[in-house]
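Engineer: Next up, query-v5.cif (mmCIF, C-alpha atoms and all ligand atoms).
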data_work
loop_
_atom_site.label_atom_id
_atom_site.label_comp_id
_atom_site.auth_asym_id
_atom_site.auth_seq_id
_atom_site.Cartn_x
_atom_site.Cartn_y
_atom_site.Cartn_z
CA MET A 1 187.07 162.44 294.04
CA SER A 2 190.15 160.26 293.51
CA LYS A 3 192.91 160.49 296.12
CA ASN A 4 196.36 161.83 295.45
CA ILE A 5 198.81 159.63 297.37
CA LEU A 6 202.47 160.41 297.97
CA ILE A 7 204.64 157.58 299.25
CA LEU A 8 207.96 158.36 300.93
CA SER A 9 209.85 155.11 301.20
CA GLY A 10 213.03 155.00 303.28
CA SER A 11 214.44 151.59 302.42
CA PRO A 12 217.79 151.38 300.65
CA LYS A 13 216.67 148.04 299.13
CA ARG A 14 215.09 148.54 295.72
CA ASN A 15 213.23 145.22 295.92
CA GLY A 16 213.05 144.53 299.62
CA ASN A 17 210.25 144.14 302.14
CA THR A 18 209.37 147.84 302.24
CA LYS A 19 209.08 147.97 298.44
CA ARG A 20 206.74 144.95 298.48
CA LEU A 21 204.53 146.58 301.12
CA VAL A 22 204.44 149.80 299.11
CA ASP A 23 203.62 147.96 295.84
CA TRP A 24 200.79 146.02 297.52
CA PHE A 25 199.41 149.19 299.13
CA MET A 26 199.48 150.97 295.73
CA GLU A 27 197.76 147.96 294.14
CA GLY A 28 194.81 148.50 296.48
CA ALA A 29 194.80 152.30 296.21
CA ARG A 30 194.90 152.20 292.40
CA LYS A 31 191.93 149.80 292.37
CA LYS A 32 190.03 152.69 293.97
CA GLY A 33 191.26 155.11 291.31
CA ALA A 34 193.98 156.79 293.38
CA GLU A 35 196.96 158.55 291.82
CA CYS A 36 200.11 157.26 293.55
CA GLU A 37 203.62 158.65 293.42
CA LEU A 38 206.51 156.77 295.02
CA ILE A 39 209.62 158.63 296.14
CA GLU A 40 212.50 156.50 297.41
CA THR A 41 214.27 158.80 299.83
CA ALA A 42 217.38 156.60 299.95
CA PHE A 43 218.16 157.75 296.41
CA MET A 44 217.53 161.45 296.94
CA LYS A 45 220.42 163.89 297.18
CA PHE A 46 220.52 166.03 300.31
CA LYS A 47 222.90 168.92 301.01
CA PHE A 48 222.75 168.24 304.74
CA SER A 49 221.77 165.17 306.71
CA GLY A 50 218.53 166.52 308.17
CA CYS A 51 216.99 169.84 309.21
CA LEU A 52 219.53 172.58 309.97
CA SER A 53 217.15 174.29 312.41
CA CYS A 54 218.03 177.55 310.64
CA ARG A 55 214.38 178.65 311.13
CA VAL A 56 214.43 180.64 307.87
CA CYS A 57 211.21 178.81 306.91
CA GLN A 58 209.52 180.42 309.91
CA LYS A 59 210.26 183.92 308.62
CA ARG A 60 208.70 183.29 305.20
CA LYS A 61 205.04 183.39 304.20
CA GLU A 62 205.26 180.25 302.02
CA TYR A 63 205.57 176.72 303.34
CA GLY A 64 208.71 174.80 302.33
CA CYS A 65 212.41 174.57 303.02
CA VAL A 66 214.94 177.08 301.68
CA ILE A 67 217.75 174.50 301.36
CA ASN A 68 218.16 173.90 297.65
CA ASP A 69 218.31 170.11 297.32
CA ASP A 70 215.99 167.25 296.33
CA ALA A 71 213.71 167.89 299.33
CA LYS A 72 212.68 171.16 297.70
CA GLN A 73 210.71 169.26 295.04
CA VAL A 74 209.24 166.77 297.50
CA LEU A 75 207.87 169.17 300.14
CA PRO A 76 205.32 170.79 297.74
CA LYS A 77 204.17 167.29 296.75
CA ILE A 78 203.43 166.60 300.43
CA ILE A 79 201.31 169.75 300.51
CA ASP A 80 199.41 168.64 297.37
CA ALA A 81 198.77 165.04 298.49
CA SER A 82 195.71 164.01 300.47
CA VAL A 83 197.42 160.84 301.78
CA ILE A 84 201.09 160.64 302.78
CA VAL A 85 202.56 157.19 303.21
CA MET A 86 205.71 156.82 305.28
CA ALA A 87 207.33 153.44 304.56
CA THR A 88 210.36 152.16 306.39
CA PRO A 89 212.19 149.10 307.62
CA LEU A 90 212.72 149.01 311.41
CA TYR A 91 216.30 150.08 312.05
CA PHE A 92 217.31 149.77 315.70
CA TYR A 93 213.73 150.35 316.85
CA GLY A 94 213.27 153.50 314.79
CA PRO A 95 212.78 154.53 311.15
CA SER A 96 215.67 154.31 308.70
CA ALA A 97 217.90 157.39 308.59
CA GLN A 98 216.96 157.66 304.91
CA LEU A 99 213.34 158.37 305.89
CA LYS A 100 214.13 160.49 308.95
CA VAL A 101 216.27 162.84 306.87
CA ILE A 102 213.19 163.98 304.93
CA PHE A 103 210.81 163.68 307.91
CA ASP A 104 212.76 166.37 309.80
CA ARG A 105 212.45 168.70 306.81
CA TRP A 106 208.69 168.69 307.53
CA PHE A 107 209.61 171.43 310.02
CA SER A 108 209.18 173.83 307.10
CA LEU A 109 205.54 172.71 306.70
CA TYR A 110 204.51 174.40 309.95
CA LYS A 111 204.24 178.04 310.96
CA TRP A 112 204.53 178.61 314.67
CA ASP A 113 203.69 181.80 316.49
CA ASN A 114 205.07 181.10 319.92
CA LYS A 115 203.87 184.40 321.35
CA ALA A 116 200.30 183.74 320.28
CA GLY A 117 200.72 180.03 321.00
CA THR A 118 199.45 179.06 317.54
CA MET A 119 200.54 176.61 314.85
CA LYS A 120 199.36 176.39 311.26
CA THR A 121 200.10 173.60 308.82
CA PRO A 122 198.81 172.49 305.42
CA LEU A 123 199.11 168.91 306.74
CA LYS A 124 195.86 169.36 308.68
CA GLY A 125 193.08 167.11 307.40
CA LYS A 126 195.40 164.79 305.47
CA THR A 127 195.96 161.12 306.26
CA MET A 128 199.30 159.65 307.29
CA VAL A 129 199.89 155.95 306.66
CA LEU A 130 202.85 154.10 308.15
CA LEU A 131 204.03 150.92 306.42
CA ALA A 132 206.80 149.13 308.30
CA SER A 133 208.39 145.74 308.66
CA ALA A 134 210.95 144.16 310.94
CA TYR A 135 212.92 140.96 311.27
CA GLU A 136 211.68 140.39 314.83
CA ASP A 137 208.43 140.98 316.67
CA ILE A 138 209.83 143.69 318.96
CA GLY A 139 209.74 147.43 318.50
CA LEU A 140 207.28 148.12 315.69
CA LYS A 141 204.71 149.72 318.04
CA ASP A 142 207.47 151.97 319.39
CA LEU A 143 208.43 152.88 315.83
CA ALA A 144 204.81 153.90 315.15
CA ARG A 145 204.66 156.24 318.14
CA PRO A 146 206.53 159.30 316.71
CA PHE A 147 204.56 159.02 313.46
CA LYS A 148 201.22 158.81 315.30
CA LEU A 149 202.20 161.69 317.62
CA THR A 150 203.18 163.82 314.62
CA ALA A 151 199.93 162.98 312.85
CA ASP A 152 197.92 163.90 315.97
CA TYR A 153 199.87 167.12 316.42
CA SER A 154 199.29 168.04 312.78
CA GLY A 155 195.57 167.27 312.76
CA MET A 156 196.08 164.31 310.43
CA LYS A 157 194.34 160.96 310.50
CA PHE A 158 196.70 158.06 311.15
CA THR A 159 196.70 154.41 310.18
CA SER A 160 199.43 151.81 309.87
CA LEU A 161 200.40 148.33 308.75
CA LEU A 162 203.20 146.92 310.91
CA VAL A 163 204.67 143.60 309.81
CA PRO A 164 206.85 141.68 312.29
CA ASN A 165 208.75 138.49 311.42
CA ALA A 166 209.26 139.75 307.87
CA GLY A 167 212.74 138.25 307.73
CA GLU A 168 215.45 139.57 305.46
CA SER A 169 214.83 141.80 302.45
CA GLY A 170 212.35 140.12 300.09
CA ASP A 171 211.26 137.45 302.59
CA ILE A 172 207.99 139.27 303.32
CA VAL A 173 206.44 137.50 300.31
CA LYS A 174 206.57 134.25 302.33
CA LEU A 175 204.32 135.66 305.08
CA ARG A 176 200.72 134.63 304.64
CA GLY A 177 198.08 137.34 304.63
CA VAL A 178 200.35 140.40 304.41
CA HIS A 179 199.72 141.02 300.70
CA GLY A 180 195.96 141.01 301.34
CA LYS A 181 196.24 143.32 304.34
CA ALA A 182 198.35 145.86 302.42
CA VAL A 183 195.97 145.83 299.42
CA ALA A 184 192.99 146.23 301.78
CA LEU A 185 194.66 149.20 303.53
CA GLY A 186 195.34 150.84 300.16
CA LYS A 187 191.66 150.48 299.28
CA LYS A 188 190.48 151.60 302.72
CA VAL A 189 192.35 154.91 302.76
CA CYS A 190 190.78 155.73 299.39
CA SER A 191 187.21 154.96 300.46
C1 LIG E 201 220.65 148.72 309.87
C2 LIG E 201 219.56 147.69 310.16
C3 LIG E 201 218.96 147.71 311.39
C4 LIG E 201 217.93 146.81 311.68
N1 LIG E 201 217.34 146.84 312.92
C5 LIG E 201 216.34 145.98 313.20
C6 LIG E 201 215.73 145.97 314.47
O1 LIG E 201 216.08 146.76 315.37
N2 LIG E 201 214.75 145.07 314.71
C7 LIG E 201 214.32 144.18 313.75
O2 LIG E 201 213.44 143.38 314.02
N3 LIG E 201 214.86 144.18 312.51
C8 LIG E 201 215.87 145.05 312.22
N4 LIG E 201 216.43 145.04 310.97
C9 LIG E 201 215.83 144.19 309.93
C10 LIG E 201 214.86 144.96 309.00
O3 LIG E 201 214.02 145.84 309.72
C11 LIG E 201 213.92 144.01 308.24
O4 LIG E 201 214.64 142.97 307.62
C12 LIG E 201 213.10 144.78 307.20
O5 LIG E 201 211.97 144.02 306.85
C13 LIG E 201 213.93 145.05 305.95
O6 LIG E 201 213.18 145.83 305.05
P1 LIG E 201 213.83 146.19 303.60
O7 LIG E 201 213.93 144.89 302.85
O8 LIG E 201 212.90 147.14 302.96
O9 LIG E 201 215.15 146.81 303.85
C14 LIG E 201 217.49 145.89 310.68
C15 LIG E 201 218.13 145.88 309.45
C16 LIG E 201 219.17 146.75 309.17
C17 LIG E 201 219.86 146.70 307.83
#
Could I get this structure in the form of structure tokens?
Ligand SMILES: Cc1cc2nc3c(=O)[nH]c(=O)nc-3n(C[C@H](O)[C@H](O)[C@H](O)COP(=O)(O)O)c2cc1C

Structural biologist:
Amino acid sequence: MSKNILILSGSPKRNGNTKRLVDWFMEGARKKGAECELIETAFMKFKFSGCLSCRVCQKRKEYGCVINDDAKQVLPKIIDASVIVMATPLYFYGPSAQLKVIFDRWFSLYKWDNKAGTMKTPLKGKTMVLLASAYEDIGLKDLARPFKLTADYSGMKFTSLLVPNAGESGDIVKLRGVHGKAVALGKKVCS
């Protein structure tokens, strides 16, 4: 069965390094017949800059956030996808704020019962892919850690492509071998 891939890309650059990585990944995935949807979170409209921790989602049967903004359309797509790609430039050794703002809204994709000590999530069994680049060769492994921990916590598989020395936006095309690696990863997650 063909994979349904949702890509959440947190770069504010429409044609930068992150976009190249995403395009190359999709090139590989589509060769394997995957359906890919790209959402550029930098251009989404949010009512608040992150999760409000209102916990209303925890009192409802359905998964999803009650805040009525662009995240409301995206969260169901995460539930429907079999592969979720998180793409980001390294910003001060973490993800861009533009990606983090939607990542924190994932809170509404879990149901915790703290008395029973249980957690349920529709993320279980899906695959998370992290695509990231940085100017330097410091910090990308640290960036990957919260994504990998979240994937483990959620019962998701995790894989990543971390590209150091990518230079300024657009310069990633000058790095040898990265295009091939991103295409190969796109194919691999669909196999
Ligand atoms: C706000 C900001 C913070 C950054 N912080 C880092 C950093 O901590 N380490 C690093 O190596 N590169 C850093 N960079 C460079 C970007 O991570 C790098 O150029 C990335 O490949 C750009 O991707 P993009 O073209 O999709 O924006 C930073 C860039 C910006 C604009």

Engineer: Here is a test: counting only C-alpha atoms and all ligand atoms, which residue of A:Cys51, A:Ala71, A:Ala97, A:Met26 is nearest to ligand LIG 201 (chain E)?

Structural biologist: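 That would be A:Ala97, the residue with the smallest distance to ligand LIG 201 (chain E).
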
Engineer: Give the residues close to ligand LIG 201 (chain E), within 7 Å, counting all atoms listed in the file; write them as an mmCIF file with C-alpha atoms, in the coordinates of the input.

Structural biologist:
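Generated file (part-v9.cif):
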data_model
loop_
_atom_site.group_PDB
_atom_site.id
_atom_site.type_symbol
_atom_site.label_atom_id
_atom_site.label_comp_id
_atom_site.auth_asym_id
_atom_site.auth_seq_id
_atom_site.Cartn_x
_atom_site.Cartn_y
_atom_site.Cartn_z
ATOM 1 C CA SER A 11 214.440 151.590 302.420
ATOM 2 C CA PRO A 12 217.790 151.380 300.650
ATOM 3 C CA LYS A 13 216.670 148.040 299.130
ATOM 4 C CA ASN A 15 213.230 145.220 295.920
ATOM 5 C CA GLY A 16 213.050 144.530 299.620
ATOM 6 C CA ASN A 17 210.250 144.140 302.140
ATOM 7 C CA THR A 18 209.370 147.840 302.240
ATOM 8 C CA LYS A 19 209.080 147.970 298.440
ATOM 9 C CA THR A 88 210.360 152.160 306.390
ATOM 10 C CA PRO A 89 212.190 149.100 307.620
ATOM 11 C CA LEU A 90 212.720 149.010 311.410
ATOM 12 C CA TYR A 91 216.300 150.080 312.050
ATOM 13 C CA PHE A 92 217.310 149.770 315.700
ATOM 14 C CA TYR A 93 213.730 150.350 316.850
ATOM 15 C CA SER A 133 208.390 145.740 308.660
ATOM 16 C CA ALA A 134 210.950 144.160 310.940
ATOM 17 C CA TYR A 135 212.920 140.960 311.270
ATOM 18 C CA GLU A 136 211.680 140.390 314.830
ATOM 19 C CA ASP A 137 208.430 140.980 316.670
ATOM 20 C CA ILE A 138 209.830 143.690 318.960
ATOM 21 C CA GLY A 139 209.740 147.430 318.500
ATOM 22 C CA ALA A 166 209.260 139.750 307.870
ATOM 23 C CA GLY A 167 212.740 138.250 307.730
ATOM 24 C CA GLU A 168 215.450 139.570 305.460
ATOM 25 C CA SER A 169 214.830 141.800 302.450
ATOM 26 C CA GLY A 170 212.350 140.120 300.090
#

Engineer: Using all atoms listed in the file for the distances, tell me which of A:Phe158, A:Trp106, A:Phe48, A:Tyr153 is nearest to Thr127 (chain A).

Structural biologist: A:Phe158

Engineer: In Å, how far is it from CA of Gln58 (chain A) to CA of Met119 (chain A)?

Structural biologist: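 Between CA of Gln58 (chain A) and CA of Met119 (chain A) the gap works out to 10.9 Å.
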
Engineer: Neighbouring residues of Lys148 (chain A) were defined as those with any atom within 12 Å, considering all atoms listed in the file; residues of the same chain fewer than 6 positions away were excluded. Please report them as a compact mmCIF listing (two decimals) with C-alpha atoms, in the frame of the given file.

Structural biologist:
# COMPACT_ATOMS: atom_id res chain seq x y z
CA MET A 86 205.71 156.82 305.28
CA THR A 127 195.96 161.12 306.26
CA MET A 128 199.30 159.65 307.29
CA VAL A 129 199.89 155.95 306.66
CA LEU A 130 202.85 154.10 308.15
CA LYS A 141 204.71 149.72 318.04
CA ASP A 142 207.47 151.97 319.39
CA SER A 154 199.29 168.04 312.78
CA GLY A 155 195.57 167.27 312.76
CA MET A 156 196.08 164.31 310.43
CA LYS A 157 194.34 160.96 310.50
CA PHE A 158 196.70 158.06 311.15
CA THR A 159 196.70 154.41 310.18
CA SER A 160 199.43 151.81 309.87

Engineer: Could you check how far CA of Ala29 (chain A) sits from CA of Ser9 (chain A), in Å to one decimal?

Structural biologist: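 Taking CA of Ala29 (chain A) as the start and CA of Ser9 (chain A) as the end point, the length is 16.1 Å.
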
Engineer: Between CA of Glu37 (chain A) and CA of Asp70 (chain A), what is the spacing in Å?

Structural biologist: 15.3 Å

Engineer: Ranking A:Arg20, A:Lys72, A:Arg60, A:Lys124 by minimum distance to Val183 (chain A) and counting all atoms listed in the file, which one comes first?

Structural biologist: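 Of A:Arg20, A:Lys72, A:Arg60, A:Lys124, the one nearest Val183 (chain A) is A:Arg20, counting all atoms listed in the file.
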
Engineer: Identify which of the residues A:Leu52, A:Ile5, A:Cys36, A:Ala144 lies closest to Leu162 (chain A), counting all atoms listed in the file when measuring atom-to-atom distances.

Structural biologist: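 Smallest separation from Leu162 (chain A) among the options: A:Ala144.
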
Engineer: Can you sort out the box for region 137-156 of chain A, edges along x, y and z, all listed atoms in, 5 Å on every side, with centre and edge lengths in Å to one decimal, as JSON?

Structural biologist:
{"center_x": 202.7, "center_y": 154.5, "center_z": 314.9, "size_x": 24.3, "size_y": 37.1, "size_z": 19.0}

Engineer: Using all atoms listed in the file, pick whichever of A:Ser2, A:Gln98, A:Asn68, A:Ser82 has the shortest atom-to-atom distance to Phe43 (chain A).

Structural biologist: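 That would be A:Gln98, the residue with the smallest distance to Phe43 (chain A).
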
Engineer: Between A:Glu62, A:Glu27, A:Asp171, A:Asp104, which is the closest to Cys190 (chain A) once you count all atoms listed in the file?

Structural biologist: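 Residue with the minimum atom-to-atom distance to Cys190 (chain A): A:Glu27.
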